[in-house]
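Trainee: Supplied in structure tokens, the structure appears directly below.
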Amino acid sequence: MRGITPSQTVGPFLKIGLERDELQYLVREDADGAIKILGHVYDGEGKPVPDAMIEIWQANIHGKYAHPDDSSEGAIIEGFSGFGRSCTDKDGKFFFVTVKPGRVSGRGNTLQAPHLAVNVFARGMLKHQVTRIYFEDEIESNSEDPILNSIVEKAARNTLLAKISQSEKNNFVYSFDIRLQGEGETVFFEV
Amino acid sequence: MADFEEYMRDGQVDHPPALYEDYKSTVLRSPSRKAVRLEHTLSEITGPIYGHGPILEGEDDLSIVEGEEAQGQRIFVSGQVLDENGKAVPNTLIEIWQCNAAGRYRHEVDQHPAPLDPNFVGGGRVVTDDRGSYKFTTIKPGAYPWGNHHNAWRPAHIHFSLFGPAFVTRLITQMYFPGDPLFPFDPIYNSIPNEKARERLVSSFDLETTEPDFALSFKFDFVLRGKNSTPFEQEKKS
């Protein structure tokens, strides 16, 4: 067995290598079913983190991942990669324009609620943190999701739910803030 | 759905902890609660392998901007991306960024009073070939001061971002150069608990692939997470 290459922080200058504004758009703003996910990253004192990067990975509307290891029956959608990246601005803000994914099978005989897998990188983070974005209006499927249900404390579970915030240009806008530490700390996963 | 293989977890102990007080910025940016263990699902064992646009010619060469050569020591950085099982990771995106030969990043936040180089931007991309190999041409980055503590200097390094085949193989790290006298004083390098693991971030000089009268060559291989050999069996759907 080979030893893994250890992680190191992205540092303050990550945008030189990683910022690509087009990766904030998984679909066009005027696409059918487009939603916007908008949020901020905050540190342990509630201050915005202006040098963070959020990456998302999701299935398409049929619950199918654009990946050879997904052997489920749903259809691939040409042009939808399922990957997004957004670097935070001076206010710690990030956003994505995408679609709500379909449900993906979970472990055993379960079905997961619509969700996005999320990686959080920043200066001051020696290794990225992993979280998930679920949707507050998916009440029924959320109640059946084994991972969401494994978080029993309500306040902690709530940190994983994107909230409907407003309607903008006929897009649904969800808000999802990430708190790295302290009050309202986002639930992070060890994967 | 079919059976799938989960990714191994044992090697994860070689990553640095979230909180490492000598690196001061971790103090307010590390979660205070323990991460919740998540058993892998389809969402973790798949990942963005087609998530980037086409790589353009020249993105692998940071040493030339619009035909003009950057200042400094020209180098090659090349190697192979493997997984823990020793299997090559082909067709995976690698993104890099770095400061110039004088230790200055082309970034508004970098106030280090070292010269900017008009012929150096400092970002590049490649995709590994069928055998997981990659190669960049660049300039050896300088060391630079930072505000972490009195007289703090970062050892020369290049930032590397890799995806691998799954969400859980994502890796961002830094590659260092052999024999750097700043290693003992750098909290970011020393945040990795295991000395052997730390040394895996140090490239090696290679005379064989050094090009006469042109560029020095440094070799650096990556090891990403690998799959467990015993597949996790999905229960049959009723």
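So you can find residues: chains in the structure tokens are A, B, ... in the order shown, residues in each start at 1, and ligands are numbered from 1 in order.
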Between chain B and chain A, at 7 Å or less, what are the per-residue closest atom pairs and their distances in Å? Count only C-alpha atoms, order by chain and rising residue number, and return it as JSON lines.
Mentor:
{"residue": "B:Met1", "atom": "CA", "partner": "A:Ser72", "partner_atom": "CA", "distance": 5.5}
{"residue": "B:Ala2", "atom": "CA", "partner": "A:Ser71", "partner_atom": "CA", "distance": 6.5}
{"residue": "B:Gly11", "atom": "CA", "partner": "A:Ile4", "partner_atom": "CA", "distance": 6.0}
{"residue": "B:Asp14", "atom": "CA", "partner": "A:Pro6", "partner_atom": "CA", "distance": 5.9}
{"residue": "B:His15", "atom": "CA", "partner": "A:Pro6", "partner_atom": "CA", "distance": 4.7}
{"residue": "B:Pro16", "atom": "CA", "partner": "A:Leu126", "partner_atom": "CA", "distance": 6.2}
{"residue": "B:Ala18", "atom": "CA", "partner": "A:Leu126", "partner_atom": "CA", "distance": 6.0}
{"residue": "B:Ser25", "atom": "CA", "partner": "A:Gly124", "partner_atom": "CA", "distance": 4.4}
{"residue": "B:Thr26", "atom": "CA", "partner": "A:Gly124", "partner_atom": "CA", "distance": 4.5}
{"residue": "B:Leu28", "atom": "CA", "partner": "A:Gly44", "partner_atom": "CA", "distance": 4.7}
{"residue": "B:Arg29", "atom": "CA", "partner": "A:Asp43", "partner_atom": "CA", "distance": 5.4}
{"residue": "B:Ser30", "atom": "CA", "partner": "A:Gln181", "partner_atom": "CA", "distance": 6.1}
{"residue": "B:Pro31", "atom": "CA", "partner": "A:Gln181", "partner_atom": "CA", "distance": 4.5}
{"residue": "B:Ser32", "atom": "CA", "partner": "A:Gln181", "partner_atom": "CA", "distance": 5.8}
{"residue": "B:Ala35", "atom": "CA", "partner": "A:Phe189", "partner_atom": "CA", "distance": 4.8}
{"residue": "B:Val36", "atom": "CA", "partner": "A:Phe189", "partner_atom": "CA", "distance": 4.6}
{"residue": "B:Arg37", "atom": "CA", "partner": "A:Glu190", "partner_atom": "CA", "distance": 4.6}
{"residue": "B:Leu38", "atom": "CA", "partner": "A:Val191", "partner_atom": "CA", "distance": 5.4}
{"residue": "B:Glu39", "atom": "CA", "partner": "A:Val191", "partner_atom": "CA", "distance": 6.9}
{"residue": "B:His40", "atom": "CA", "partner": "A:Val191", "partner_atom": "CA", "distance": 6.9}
{"residue": "B:Thr41", "atom": "CA", "partner": "A:Gly106", "partner_atom": "CA", "distance": 5.7}
{"residue": "B:Leu42", "atom": "CA", "partner": "A:Asp70", "partner_atom": "CA", "distance": 6.9}
{"residue": "B:Ser43", "atom": "CA", "partner": "A:Ala117", "partner_atom": "CA", "distance": 6.8}
{"residue": "B:Thr46", "atom": "CA", "partner": "A:His67", "partner_atom": "CA", "distance": 6.0}
{"residue": "B:Gly47", "atom": "CA", "partner": "A:Trp57", "partner_atom": "CA", "distance": 6.7}
{"residue": "B:Pro48", "atom": "CA", "partner": "A:Phe83", "partner_atom": "CA", "distance": 5.6}
{"residue": "B:Tyr50", "atom": "CA", "partner": "A:Ser81", "partner_atom": "CA", "distance": 6.1}
{"residue": "B:Gly51", "atom": "CA", "partner": "A:Phe83", "partner_atom": "CA", "distance": 5.3}
{"residue": "B:Glu84", "atom": "CA", "partner": "A:Arg2", "partner_atom": "CA", "distance": 4.7}
{"residue": "B:Asn85", "atom": "CA", "partner": "A:Met1", "partner_atom": "CA", "distance": 5.6}
{"residue": "B:Gly86", "atom": "CA", "partner": "A:Arg2", "partner_atom": "CA", "distance": 6.7}
{"residue": "B:Glu95", "atom": "CA", "partner": "A:Gly17", "partner_atom": "CA", "distance": 6.3}
{"residue": "B:Ile96", "atom": "CA", "partner": "A:Gly17", "partner_atom": "CA", "distance": 5.6}
{"residue": "B:Trp97", "atom": "CA", "partner": "A:Gly17", "partner_atom": "CA", "distance": 4.7}
{"residue": "B:His107", "atom": "CA", "partner": "A:Phe13", "partner_atom": "CA", "distance": 6.6}
{"residue": "B:Gly122", "atom": "CA", "partner": "A:Ile16", "partner_atom": "CA", "distance": 6.9}
{"residue": "B:Gly123", "atom": "CA", "partner": "A:Gly17", "partner_atom": "CA", "distance": 4.7}
{"residue": "B:Gly124", "atom": "CA", "partner": "A:Gly17", "partner_atom": "CA", "distance": 6.7}
{"residue": "B:Val168", "atom": "CA", "partner": "A:Val191", "partner_atom": "CA", "distance": 6.7}
{"residue": "B:Leu171", "atom": "CA", "partner": "A:Ser7", "partner_atom": "CA", "distance": 6.3}
{"residue": "B:Ile172", "atom": "CA", "partner": "A:Ser7", "partner_atom": "CA", "distance": 5.8}
{"residue": "B:Thr173", "atom": "CA", "partner": "A:Gln8", "partner_atom": "CA", "distance": 4.2}
{"residue": "B:Gln174", "atom": "CA", "partner": "A:Gln8", "partner_atom": "CA", "distance": 5.8}
{"residue": "B:Ala197", "atom": "CA", "partner": "A:Pro6", "partner_atom": "CA", "distance": 6.7}
{"residue": "B:Arg200", "atom": "CA", "partner": "A:Thr5", "partner_atom": "CA", "distance": 6.4}
{"residue": "B:Leu201", "atom": "CA", "partner": "A:Thr5", "partner_atom": "CA", "distance": 6.9}
{"residue": "B:Phe222", "atom": "CA", "partner": "A:Thr5", "partner_atom": "CA", "distance": 5.8}
{"residue": "B:Val223", "atom": "CA", "partner": "A:Ile4", "partner_atom": "CA", "distance": 4.8}
{"residue": "B:Leu224", "atom": "CA", "partner": "A:Ile4", "partner_atom": "CA", "distance": 5.7}
{"residue": "B:Arg225", "atom": "CA", "partner": "A:Ile4", "partner_atom": "CA", "distance": 6.6}
{"residue": "B:Gln234", "atom": "CA", "partner": "A:Gly108", "partner_atom": "CA", "distance": 5.0}
{"residue": "B:Glu235", "atom": "CA", "partner": "A:Gly108", "partner_atom": "CA", "distance": 4.6}
{"residue": "B:Lys236", "atom": "CA", "partner": "A:Asn109", "partner_atom": "CA", "distance": 6.8}
{"residue": "B:Lys237", "atom": "CA", "partner": "A:Asn109", "partner_atom": "CA", "distance": 5.4}
Trainee: Based on the backbone DSSP call, show me all residues of stretch 14-130 of chain A assigned helix (DSSP H, G or I), as a ChimeraX atom specification.
Mentor: /A:15-18,21-24
Trainee: Go ahead and compute the interatomic distance for atom CA of B:Leu216 and atom CA of B:Thr128, in Å to one decimal.
Mentor: 21.0 Å
Trainee: Quick one: DSSP strand (DSSP E) residues in stretch 99-178 of chain A, as a PDB file with C-alpha atoms, in the first residue's frame?
Mentor:
ATOM      1  CA  VAL A  99     -30.753  22.547 -11.116  1.00  0.00           C
ATOM      2  CA  LEU A 116     -25.137  18.362  -3.473  1.00  0.00           C
ATOM      3  CA  ALA A 117     -21.801  17.090  -2.175  1.00  0.00           C
ATOM      4  CA  VAL A 118     -19.683  20.080  -1.125  1.00  0.00           C
ATOM      5  CA  ASN A 119     -15.957  20.667  -0.620  1.00  0.00           C
ATOM      6  CA  VAL A 120     -14.875  23.774   1.305  1.00  0.00           C
ATOM      7  CA  PHE A 121     -11.334  25.103   0.871  1.00  0.00           C
ATOM      8  CA  ALA A 122      -9.754  28.237   2.361  1.00  0.00           C
ATOM      9  CA  GLN A 129     -13.937  20.142   4.784  1.00  0.00           C
ATOM     10  CA  VAL A 130     -16.828  18.173   3.347  1.00  0.00           C
ATOM     11  CA  THR A 131     -20.487  19.003   3.784  1.00  0.00           C
ATOM     12  CA  ARG A 132     -23.764  18.584   1.875  1.00  0.00           C
ATOM     13  CA  ILE A 133     -26.481  20.920   0.658  1.00  0.00           C
ATOM     14  CA  TYR A 134     -30.046  19.624   1.015  1.00  0.00           C
ATOM     15  CA  PHE A 135     -33.194  21.653   0.258  1.00  0.00           C
ATOM     16  CA  LEU A 161     -30.673  22.740   4.531  1.00  0.00           C
ATOM     17  CA  ALA A 162     -30.648  25.420   1.844  1.00  0.00           C
ATOM     18  CA  LYS A 163     -33.480  27.873   2.548  1.00  0.00           C
ATOM     19  CA  ILE A 164     -35.764  29.406  -0.076  1.00  0.00           C
ATOM     20  CA  SER A 165     -34.874  33.070   0.089  1.00  0.00           C
ATOM     21  CA  GLN A 166     -36.449  34.994  -2.758  1.00  0.00           C
ATOM     22  CA  SER A 167     -37.516  34.814  -6.351  1.00  0.00           C
ATOM     23  CA  GLU A 168     -35.190  36.480  -8.775  1.00  0.00           C
ATOM     24  CA  ASN A 171     -35.236  31.464 -10.611  1.00  0.00           C
ATOM     25  CA  PHE A 172     -35.649  29.907  -7.252  1.00  0.00           C
ATOM     26  CA  VAL A 173     -32.995  31.321  -4.989  1.00  0.00           C
ATOM     27  CA  TYR A 174     -31.799  29.235  -2.069  1.00  0.00           C
ATOM     28  CA  SER A 175     -29.487  30.517   0.603  1.00  0.00           C
ATOM     29  CA  ILE A 178     -21.243  27.903   5.745  1.00  0.00           C
TER      30      ILE A 178
END
Trainee: Would you pick out the contacts of stretch 208-215 of chain B at 12 Å or less, using only C-alpha atoms, so that residues sharing its chain but fewer than 6 positions from it are not included, and give the list as JSON, numbers by chain?
Mentor: {"B": [63, 72, 73, 74, 75, 76, 77, 78, 79, 135, 136, 137, 138, 139, 140]}
Trainee: Can you measure atom CA of A:Phe176 to atom CA of A:Ile54 for me? One decimal in Å is fine.
Mentor: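 Value for the atom CA of A:Phe176-atom CA of A:Ile54 distance: 11.6 Å.
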Trainee: Any idea what's packed within 7 Å of A:Asp177, counting only C-alpha atoms, ignoring anything in its chain fewer than 6 positions away? Could you give it as a PDB file with C-alpha atoms, in the first residue's frame?
Mentor:
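Result file follows (out_13.pdb):
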ATOM      1  CA  GLY A  39     -24.261  31.799   0.432  1.00  0.00           C
ATOM      2  CA  HIS A  40     -21.438  33.146   2.538  1.00  0.00           C
ATOM      3  CA  VAL A  41     -18.547  31.542   4.367  1.00  0.00           C
TER       4      VAL A  41
END
Trainee: Just to confirm, what's the straight-line distance from atom CA of B:Phe163 to atom CA of B:Ala88 in Å (one decimal)?
Mentor: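 We find that atom CA of B:Phe163 and atom CA of B:Ala88 lie 13.3 Å from each other.
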